[in-house]
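Have a look at entry-v9.csv below; it lists CSV, C-alpha atoms.
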```
chain,number,residue,atom,x,y,z
D,1133,MET,CA,132.2,173.8,195.1
D,1134,MET,CA,135.1,173.8,192.6
D,1135,GLY,CA,137.5,174.8,195.4
D,1136,LEU,CA,136.4,171.8,197.5
D,1137,LEU,CA,136.8,169.5,194.6
D,1138,THR,CA,140.4,170.6,193.8
D,1139,ALA,CA,141.4,170.4,197.5
D,1140,VAL,CA,140.4,166.8,198.0
D,1141,PRO,CA,142.5,164.1,196.4
D,1142,PRO,CA,140.0,161.4,195.2
D,1143,TYR,CA,142.2,158.5,196.5
D,1144,LEU,CA,141.7,159.7,200.1
D,1145,VAL,CA,137.9,159.6,199.7
D,1146,VAL,CA,138.0,156.1,198.3
D,1147,ALA,CA,140.5,154.8,200.9
D,1148,ALA,CA,138.3,156.2,203.7
D,1149,ALA,CA,135.3,154.4,202.2
D,1150,ALA,CA,137.2,151.1,202.5
D,1151,LEU,CA,137.2,151.5,206.3
D,1152,PHE,CA,133.4,152.2,206.2
D,1153,VAL,CA,132.8,149.0,204.2
D,1154,LEU,CA,134.4,147.0,207.1
D,1155,ALA,CA,132.8,149.0,209.9
D,1156,LEU,CA,129.2,149.3,208.6
D,1157,PRO,CA,126.6,146.7,207.8
D,1158,ARG,CA,127.0,145.2,204.3
D,1159,ARG,CA,124.4,147.3,202.5
D,1160,ALA,CA,125.4,150.6,204.2
D,1161,GLY,CA,129.0,149.9,203.6
D,1162,HIS,CA,128.6,149.2,199.9
D,1163,THR,CA,126.4,152.3,199.6
D,1164,VAL,CA,129.2,154.4,201.0
D,1165,ALA,CA,131.7,152.7,198.7
D,1166,ALA,CA,129.6,153.4,195.6
D,1167,LEU,CA,129.2,157.0,196.6
D,1168,SER,CA,132.9,157.4,197.1
D,1169,THR,CA,133.7,156.1,193.6
D,1170,ALA,CA,130.8,158.1,192.1
D,1171,PHE,CA,132.6,161.2,193.7
D,1172,VAL,CA,135.7,160.3,191.7
D,1173,PHE,CA,133.6,160.3,188.5
D,1174,ALA,CA,131.8,163.5,189.3
D,1175,GLN,CA,135.1,165.2,190.3
D,1176,ALA,CA,136.8,164.3,187.1
D,1177,VAL,CA,133.9,165.5,185.0
D,1178,LEU,CA,133.7,168.9,186.8
D,1179,LEU,CA,137.5,169.4,186.9
D,1180,GLY,CA,137.5,169.0,183.1
D,1181,ASP,CA,136.1,172.6,182.9
D,1182,GLY,CA,139.1,174.7,184.1
D,1183,GLY,CA,140.4,172.6,186.9
D,1184,HIS,CA,143.7,171.7,185.4
D,1185,GLY,CA,146.9,172.2,187.3
D,1186,ALA,CA,149.0,171.1,190.3
D,1187,HIS,CA,146.7,171.3,193.3
D,1188,LEU,CA,148.7,169.7,196.1
D,1189,ALA,CA,152.3,170.7,195.6
D,1190,THR,CA,154.4,170.1,198.7
D,1191,GLY,CA,157.7,168.7,199.8
D,1192,PHE,CA,158.8,165.3,201.0
D,1193,LEU,CA,162.2,164.5,202.4
D,1194,GLY,CA,163.5,167.6,200.7
D,1195,PHE,CA,162.1,166.8,197.3
D,1196,ASP,CA,159.3,168.7,195.5
D,1197,VAL,CA,156.3,166.5,195.0
D,1198,VAL,CA,152.8,167.1,193.6
D,1199,LEU,CA,150.2,164.8,195.2
D,1200,PHE,CA,147.2,165.8,193.1
D,1201,ASN,CA,148.0,166.9,189.5
D,1202,VAL,CA,145.2,167.4,187.0
D,1203,ASP,CA,145.6,167.4,183.2
D,1204,ALA,CA,143.8,166.0,180.3
D,1205,PHE,CA,145.1,162.5,180.5
D,1206,SER,CA,144.6,162.1,184.2
D,1207,LEU,CA,141.1,163.4,184.0
D,1208,LEU,CA,140.3,161.0,181.2
D,1209,MET,CA,141.4,158.1,183.4
D,1210,GLY,CA,139.6,159.6,186.4
D,1211,VAL,CA,136.3,159.7,184.6
D,1212,VAL,CA,136.4,156.1,183.5
D,1213,VAL,CA,138.0,154.7,186.7
D,1214,GLY,CA,135.3,156.3,188.8
D,1215,PHE,CA,132.5,155.1,186.5
D,1216,LEU,CA,133.7,151.5,186.3
D,1217,ALA,CA,134.6,151.3,190.0
D,1218,THR,CA,131.1,152.4,190.9
D,1219,ALA,CA,129.6,149.6,188.7
D,1220,ALA,CA,132.1,147.1,190.2
D,1221,VAL,CA,131.1,148.0,193.7
D,1222,VAL,CA,127.4,147.4,192.9
D,1223,TYR,CA,128.4,144.2,191.2
D,1224,ALA,CA,130.3,143.0,194.2
D,1225,TYR,CA,127.3,143.6,196.4
D,1226,GLY,CA,125.1,141.6,194.0
D,1227,ALA,CA,127.6,138.8,193.7
D,1228,GLU,CA,127.7,138.5,197.5
D,1229,ALA,CA,131.4,139.2,197.6
D,1230,PRO,CA,132.9,139.2,201.2
D,1231,THR,CA,133.2,142.7,202.6
D,1232,TRP,CA,137.0,142.2,202.8
D,1233,VAL,CA,137.0,141.8,199.0
D,1234,THR,CA,135.3,145.1,198.5
D,1235,ALA,CA,137.5,146.8,201.0
D,1236,PHE,CA,140.7,145.5,199.4
D,1237,ALA,CA,139.3,146.5,196.0
D,1238,LEU,CA,138.6,150.0,197.1
D,1239,VAL,CA,142.2,150.5,198.4
D,1240,TYR,CA,143.4,149.1,195.1
D,1241,VAL,CA,141.2,151.7,193.3
D,1242,SER,CA,142.6,154.3,195.6
D,1243,SER,CA,146.2,153.5,194.7
D,1244,THR,CA,145.2,153.5,191.0
D,1245,LEU,CA,143.9,157.0,191.4
D,1246,GLY,CA,147.0,158.1,193.3
D,1247,THR,CA,149.1,156.9,190.3
D,1248,ILE,CA,147.1,158.6,187.6
D,1249,TYR,CA,146.8,161.9,189.6
D,1250,ALA,CA,150.5,162.0,190.6
D,1251,GLY,CA,152.4,165.1,189.4
D,1252,ASP,CA,155.9,163.6,189.9
D,1253,TRP,CA,157.7,160.3,189.6
D,1254,LEU,CA,158.2,159.8,193.3
D,1255,THR,CA,154.5,160.0,194.0
D,1256,LEU,CA,153.7,157.9,191.0
D,1257,VAL,CA,156.1,155.0,192.0
D,1258,PHE,CA,154.8,155.0,195.6
D,1259,PHE,CA,151.2,154.5,194.5
D,1260,TRP,CA,152.4,152.1,191.7
D,1261,GLU,CA,153.9,149.8,194.3
D,1262,LEU,CA,150.9,150.2,196.6
D,1263,MET,CA,148.7,149.2,193.7
D,1264,ALA,CA,150.7,146.0,193.3
D,1265,VAL,CA,150.4,145.2,197.1
D,1266,THR,CA,146.7,145.9,197.3
D,1267,SER,CA,145.9,143.9,194.2
D,1268,THR,CA,147.9,141.0,195.5
D,1269,LEU,CA,145.9,141.0,198.7
D,1270,LEU,CA,142.7,141.0,196.6
D,1271,VAL,CA,143.9,137.8,194.9
D,1272,TRP,CA,145.1,136.1,198.1
D,1273,HIS,CA,141.9,136.7,199.9
D,1274,TYR,CA,140.2,133.9,197.9
D,1275,ARG,CA,142.7,131.3,199.1
D,1276,GLY,CA,143.2,128.0,197.4
D,1277,LYS,CA,144.8,128.2,193.9
D,1278,ALA,CA,144.6,132.0,194.2
D,1279,VAL,CA,147.4,132.0,196.8
D,1280,ARG,CA,150.0,130.5,194.5
D,1281,ALA,CA,148.9,132.7,191.6
D,1282,GLY,CA,149.1,135.7,193.9
D,1283,TYR,CA,152.7,134.9,194.8
D,1284,ARG,CA,153.7,134.8,191.1
D,1285,TYR,CA,151.7,138.0,190.6
D,1286,ALA,CA,153.6,139.7,193.5
D,1287,ILE,CA,157.0,138.5,192.3
D,1288,PHE,CA,156.4,139.8,188.7
D,1289,HIS,CA,155.1,143.2,189.9
D,1290,GLY,CA,157.8,143.5,192.6
D,1291,ILE,CA,160.5,143.1,190.0
D,1292,GLY,CA,158.7,145.5,187.6
D,1293,GLY,CA,158.3,148.1,190.3
D,1294,THR,CA,162.0,147.8,191.3
D,1295,LEU,CA,163.1,148.4,187.7
D,1296,LEU,CA,160.8,151.4,187.3
D,1297,LEU,CA,162.2,152.8,190.6
D,1298,ALA,CA,165.8,152.4,189.3
D,1299,ALA,CA,164.8,154.2,186.1
D,1300,ILE,CA,163.2,157.1,188.1
D,1301,LEU,CA,166.3,157.5,190.4
D,1302,GLN,CA,168.6,157.7,187.4
D,1303,THR,CA,166.2,160.2,185.8
D,1304,TYR,CA,166.5,162.3,188.9
D,1305,VAL,CA,170.3,162.2,188.7
D,1306,ALA,CA,170.0,163.4,185.1
D,1307,LYS,CA,167.4,166.1,185.5
D,1308,GLY,CA,167.6,167.1,189.2
D,1309,THR,CA,163.9,166.8,189.9
D,1310,PHE,CA,161.2,164.2,190.2
D,1311,LEU,CA,158.5,166.6,188.8
D,1312,PHE,CA,156.8,166.0,185.5
D,1313,ALA,CA,157.6,168.5,182.8
D,1314,SER,CA,154.0,169.7,182.6
D,1315,VAL,CA,154.2,170.8,186.3
D,1316,PRO,CA,155.5,174.2,187.2
D,1317,GLY,CA,159.2,173.8,188.1
D,1318,GLY,CA,159.5,170.6,186.1
D,1319,PRO,CA,162.3,169.8,183.7
D,1320,GLU,CA,162.3,171.0,180.1
D,1321,VAL,CA,162.3,167.5,178.7
D,1322,ALA,CA,159.4,165.2,179.6
D,1323,GLY,CA,159.5,161.5,180.3
D,1324,ILE,CA,162.2,159.2,181.6
D,1325,ALA,CA,165.8,160.0,180.7
D,1326,ALA,CA,167.2,158.3,177.5
D,1327,GLY,CA,169.5,155.3,177.6
D,1328,LEU,CA,169.5,152.8,180.4
D,1329,PRO,CA,166.8,154.5,182.5
D,1330,ALA,CA,164.5,154.3,179.5
D,1331,ALA,CA,165.2,150.6,179.0
D,1332,LEU,CA,164.6,149.9,182.7
D,1333,ALA,CA,161.3,151.9,182.7
D,1334,ALA,CA,160.1,150.1,179.5
D,1335,ILE,CA,160.7,146.7,181.1
D,1336,GLY,CA,159.3,147.7,184.5
D,1337,ILE,CA,156.1,149.2,183.0
D,1338,GLY,CA,156.0,146.3,180.5
D,1339,VAL,CA,155.2,143.9,183.4
D,1340,ASN,CA,152.0,145.8,184.1
D,1341,VAL,CA,150.9,146.0,180.5
D,1342,GLY,CA,151.8,142.4,179.6
D,1343,PHE,CA,154.8,142.6,177.3
D,1344,ILE,CA,155.4,139.3,175.6
D,1345,GLY,CA,157.5,137.2,178.0
D,1346,LEU,CA,156.4,139.3,180.9
D,1347,HIS,CA,152.7,138.6,180.6
D,1348,THR,CA,152.3,135.1,182.2
D,1349,TRP,CA,151.0,136.6,185.5
D,1350,LEU,CA,148.0,137.9,183.6
D,1351,PRO,CA,146.2,134.7,182.4
D,1352,ASP,CA,147.5,132.9,185.5
D,1353,THR,CA,146.0,135.4,188.0
D,1354,TYR,CA,142.8,136.9,186.8
D,1355,PRO,CA,140.8,133.6,186.6
D,1356,ARG,CA,141.7,132.7,190.3
D,1357,PRO,CA,140.0,135.1,192.7
D,1358,HIS,CA,136.4,135.9,193.5
D,1359,ILE,CA,134.4,136.9,190.4
D,1360,ALA,CA,133.9,140.4,191.9
D,1361,ALA,CA,137.6,140.8,192.4
D,1362,SER,CA,138.3,139.8,188.8
D,1363,VAL,CA,136.2,142.7,187.7
D,1364,PHE,CA,138.4,145.2,189.5
D,1365,LEU,CA,141.6,143.5,188.6
D,1366,CYS,CA,140.9,143.1,184.9
D,1367,VAL,CA,141.0,146.8,184.0
D,1368,PHE,CA,143.1,148.9,186.4
D,1369,THR,CA,146.6,147.5,186.5
D,1370,THR,CA,147.1,147.1,182.7
D,1371,LYS,CA,145.4,150.4,181.8
D,1372,THR,CA,147.3,152.3,184.5
D,1373,GLY,CA,150.4,150.7,182.9
D,1374,VAL,CA,149.4,152.3,179.5
D,1375,TYR,CA,149.1,155.6,181.3
D,1376,GLY,CA,152.5,155.1,182.9
D,1377,MET,CA,154.1,154.2,179.6
D,1378,TYR,CA,152.8,157.5,178.1
D,1379,ARG,CA,154.3,159.4,181.1
D,1380,ALA,CA,157.6,157.7,180.6
D,1381,PHE,CA,157.7,158.0,176.8
D,1382,PRO,CA,155.5,161.0,175.8
D,1383,ASP,CA,157.3,161.1,172.4
D,1384,GLY,CA,157.0,157.4,171.9
D,1385,HIS,CA,159.7,154.8,171.0
D,1386,LEU,CA,159.8,152.5,168.0
D,1387,ALA,CA,160.6,149.4,170.0
D,1388,ILE,CA,157.6,149.9,172.2
D,1389,ALA,CA,155.4,150.3,169.1
D,1390,TYR,CA,156.6,147.0,167.7
D,1391,MET,CA,156.1,145.3,171.0
D,1392,GLY,CA,152.5,146.6,171.1
D,1393,GLY,CA,151.9,145.2,167.7
D,1394,GLY,CA,153.3,141.8,168.8
D,1395,MET,CA,151.1,141.8,171.9
D,1396,ALA,CA,148.0,142.4,169.8
D,1397,VAL,CA,148.7,139.3,167.7
D,1398,PHE,CA,150.1,137.1,170.5
D,1399,GLY,CA,147.2,137.7,172.9
D,1400,ALA,CA,144.5,137.2,170.3
D,1401,THR,CA,146.2,133.9,169.1
D,1402,PHE,CA,146.4,132.4,172.6
D,1403,ALA,CA,142.9,133.5,173.4
D,1404,LEU,CA,141.7,131.1,170.7
D,1405,PHE,CA,143.1,128.1,172.6
D,1406,GLN,CA,141.4,128.8,175.9
D,1407,ASN,CA,138.4,127.0,177.5
D,1408,ASP,CA,138.4,128.9,180.8
D,1409,MET,CA,136.3,132.0,180.3
D,1410,ARG,CA,138.3,134.3,182.5
D,1411,ARG,CA,141.6,133.0,181.1
D,1412,LEU,CA,140.4,133.6,177.6
D,1413,LEU,CA,139.4,137.2,178.5
D,1414,SER,CA,142.9,137.7,180.2
D,1415,TYR,CA,144.6,137.0,176.9
D,1416,HIS,CA,142.1,139.3,175.3
D,1417,ILE,CA,143.3,142.0,177.6
D,1418,GLN,CA,146.9,141.5,176.5
D,1419,SER,CA,145.8,141.7,172.8
D,1420,GLN,CA,143.8,144.9,173.3
D,1421,VAL,CA,146.4,146.6,175.4
D,1422,GLY,CA,148.8,145.8,172.6
D,1423,TYR,CA,147.0,148.3,170.4
D,1424,MET,CA,147.2,150.9,173.0
D,1425,ILE,CA,150.9,150.4,173.6
D,1426,ALA,CA,151.5,150.5,169.8
D,1427,GLY,CA,149.8,153.9,169.8
D,1428,VAL,CA,151.9,155.2,172.7
D,1429,GLY,CA,155.0,153.9,171.0
D,1430,ILE,CA,154.3,155.7,167.7
D,1431,GLY,CA,154.3,158.9,169.7
D,1432,THR,CA,152.3,161.3,167.5
D,1433,ALA,CA,149.4,163.3,168.8
D,1434,LEU,CA,147.0,161.2,166.6
D,1435,SER,CA,148.5,157.8,167.7
D,1436,GLN,CA,148.3,158.9,171.4
D,1437,ALA,CA,144.6,159.8,170.9
D,1438,GLY,CA,144.2,156.4,169.2
D,1439,ALA,CA,145.8,154.8,172.3
D,1440,PHE,CA,143.7,156.5,175.0
D,1441,ALA,CA,140.4,156.2,173.2
D,1442,PRO,CA,140.5,152.4,173.6
D,1443,VAL,CA,141.9,152.8,177.1
D,1444,PHE,CA,138.6,154.5,178.0
D,1445,THR,CA,136.4,152.1,176.1
D,1446,HIS,CA,138.4,149.0,177.1
D,1447,ILE,CA,137.9,149.7,180.8
D,1448,LEU,CA,134.2,149.7,180.2
D,1449,TYR,CA,133.7,146.7,177.9
D,1450,GLN,CA,136.4,144.6,179.6
D,1451,GLY,CA,134.8,145.2,183.0
D,1452,LEU,CA,131.4,144.2,181.4
D,1453,LEU,CA,132.8,141.1,179.9
D,1454,PHE,CA,134.3,139.9,183.2
D,1455,MET,CA,130.9,140.8,184.9
D,1456,THR,CA,129.1,138.6,182.3
D,1457,ALA,CA,131.6,135.7,182.8
D,1458,GLY,CA,131.2,136.1,186.5
D,1459,VAL,CA,127.4,135.8,186.3
D,1460,VAL,CA,127.7,132.6,184.4
D,1461,VAL,CA,130.2,131.2,187.0
D,1462,TYR,CA,128.0,132.4,189.8
D,1463,ARG,CA,124.9,130.7,188.4
D,1464,THR,CA,126.4,127.5,187.0
D,1465,GLY,CA,129.5,127.0,189.2
D,1466,GLU,CA,131.3,126.2,185.9
D,1467,GLU,CA,134.4,128.0,184.4
D,1468,SER,CA,135.0,125.9,181.3
D,1469,LEU,CA,133.3,126.8,178.1
D,1470,GLN,CA,133.5,123.2,177.0
D,1471,GLU,CA,131.0,122.3,179.8
D,1472,LEU,CA,128.6,125.1,178.9
D,1473,GLY,CA,127.6,124.1,175.4
D,1474,GLY,CA,124.1,125.4,174.5
D,1475,LEU,CA,124.1,128.1,177.2
```

Can you dump the structure from the file as structure tokens?
Amino acid sequence: MMGLLTAVPPYLVVAAAALFVLALPRRAGHTVAALSTAFVFAQAVLLGDGGHGAHLATGFLGFDVVLFNVDAFSLLMGVVVGFLATAAVVYAYGAEAPTWVTAFALVYVSSTLGTIYAGDWLTLVFFWELMAVTSTLLVWHYRGKAVRAGYRYAIFHGIGGTLLLAAILQTYVAKGTFLFASVPGGPEVAGIAAGLPAALAAIGIGVNVGFIGLHTWLPDTYPRPHIAASVFLCVFTTKTGVYGMYRAFPDGHLAIAYMGGGMAVFGATFALFQNDMRRLLSYHIQSQVGYMIAGVGIGTALSQAGAFAPVFTHILYQGLLFMTAGVVVYRTGEESLQELGGL
């Protein structure tokens, strides 16, 4: 059983389920989707007992890559992503989301899993960019105002991914490998190379986590798509960004810590001025992610634990908050809190 689990990358299972969602009747397709994400959860739980290591080490264009790498941080992300994705699939079925929304969402989840289970920078940036593409499609599907918001979303994440790729290539020049330091054959020093590569990586990943000044895509995008799409979108991109920031800066960086503190205050302040429920929660995401980024930036073992504990809980409660807001929108057809007095 354990051998089968370690041999099957979870993102392949979820991506295959997306095809079944389109091919099968609605109920059967969503059942397969929920089972695929439940597999992700079960796999991460079972792999936590002695399943650590590089399970799919291979070569690509002459470079060493690891397509399925298991360690404590990736397993933590795998557990909570699998759990929330299962709940979100069930929610999408109950909210009568179009099957294409669920299919796009599953490919988005699949690319998220590919990012967190990557064992090298080349694999990580591939899934990182795929995550941006699939989440953009998830936004665009709703049409109307979501199309323009999706364009801005795509531009921001395209620029961020390009900067991250530049940092990764310069790191390869400095270290001679794309592998993470924790993987056999990896470099002695973990993370992105210091200097310009580190600055580019911080800005590139900063787009995903909502650095102040790079955050405008977040409150602009998340209120626009279908309510079921918002549940998927609200947790995976930003929290995968926190995970990527840890991979890039495992020993932290003071500037990142200060930025995280600024995000916590900035996001909470602007949330106070919002009337749109999902826009308010979007600023709330930036605020809460700020605490996580501050912990990663401080760089101690205690601060990193303090960063990833709220990563885990935030995925759960933020998903639940967007589900709750979605139920209100679904039942009342109203997004504005001003129009919902007495609810």

Shortest interatomic distance to Val1233 in chain D - which of D:Pro1357, D:Gly1473, D:Gly1376, D:Pro1351, counting only C-alpha atoms: D:Pro1357

Computed interatomic separation between CA of Gly1384 in chain D and CA of Thr1244 in chain D (Å): 22.8 Å

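Ranking D:Gly1180, D:Gly1226, D:Pro1355, D:Pro1329 by their shortest atom-to-atom distance to Val1459 in chain D, with all atoms listed in the file included, puts D:Gly1226 first.
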
Residue neighbourhood Val1145 in chain D, 9 Å, only C-alpha atoms, exclusion window fewer than 6 positions, as a ChimeraX atom specification: /D:1168-1169,1171-1172,1242

Residue contacts of Ala1330 in chain D (9 Å, all atoms listed in the file) excluding same-chain residues fewer than 4 positions away, as a list in words: Ala1299, Thr1303, Gly1323, Ile1324, Ala1325, Ala1326, Ala1334, Ile1335, Ala1380 and Phe1381 of chain D

Interatomic distance, CA of Asp1203 in chain D to CA of Pro1442 in chain D (Å, one decimal): 18.5 Å

Among listed residues D:Ala1224, D:Ala1229, D:Ala1298, D:Leu1193, nearest Val1257 in chain D (using all atoms listed in the file): D:Ala1298
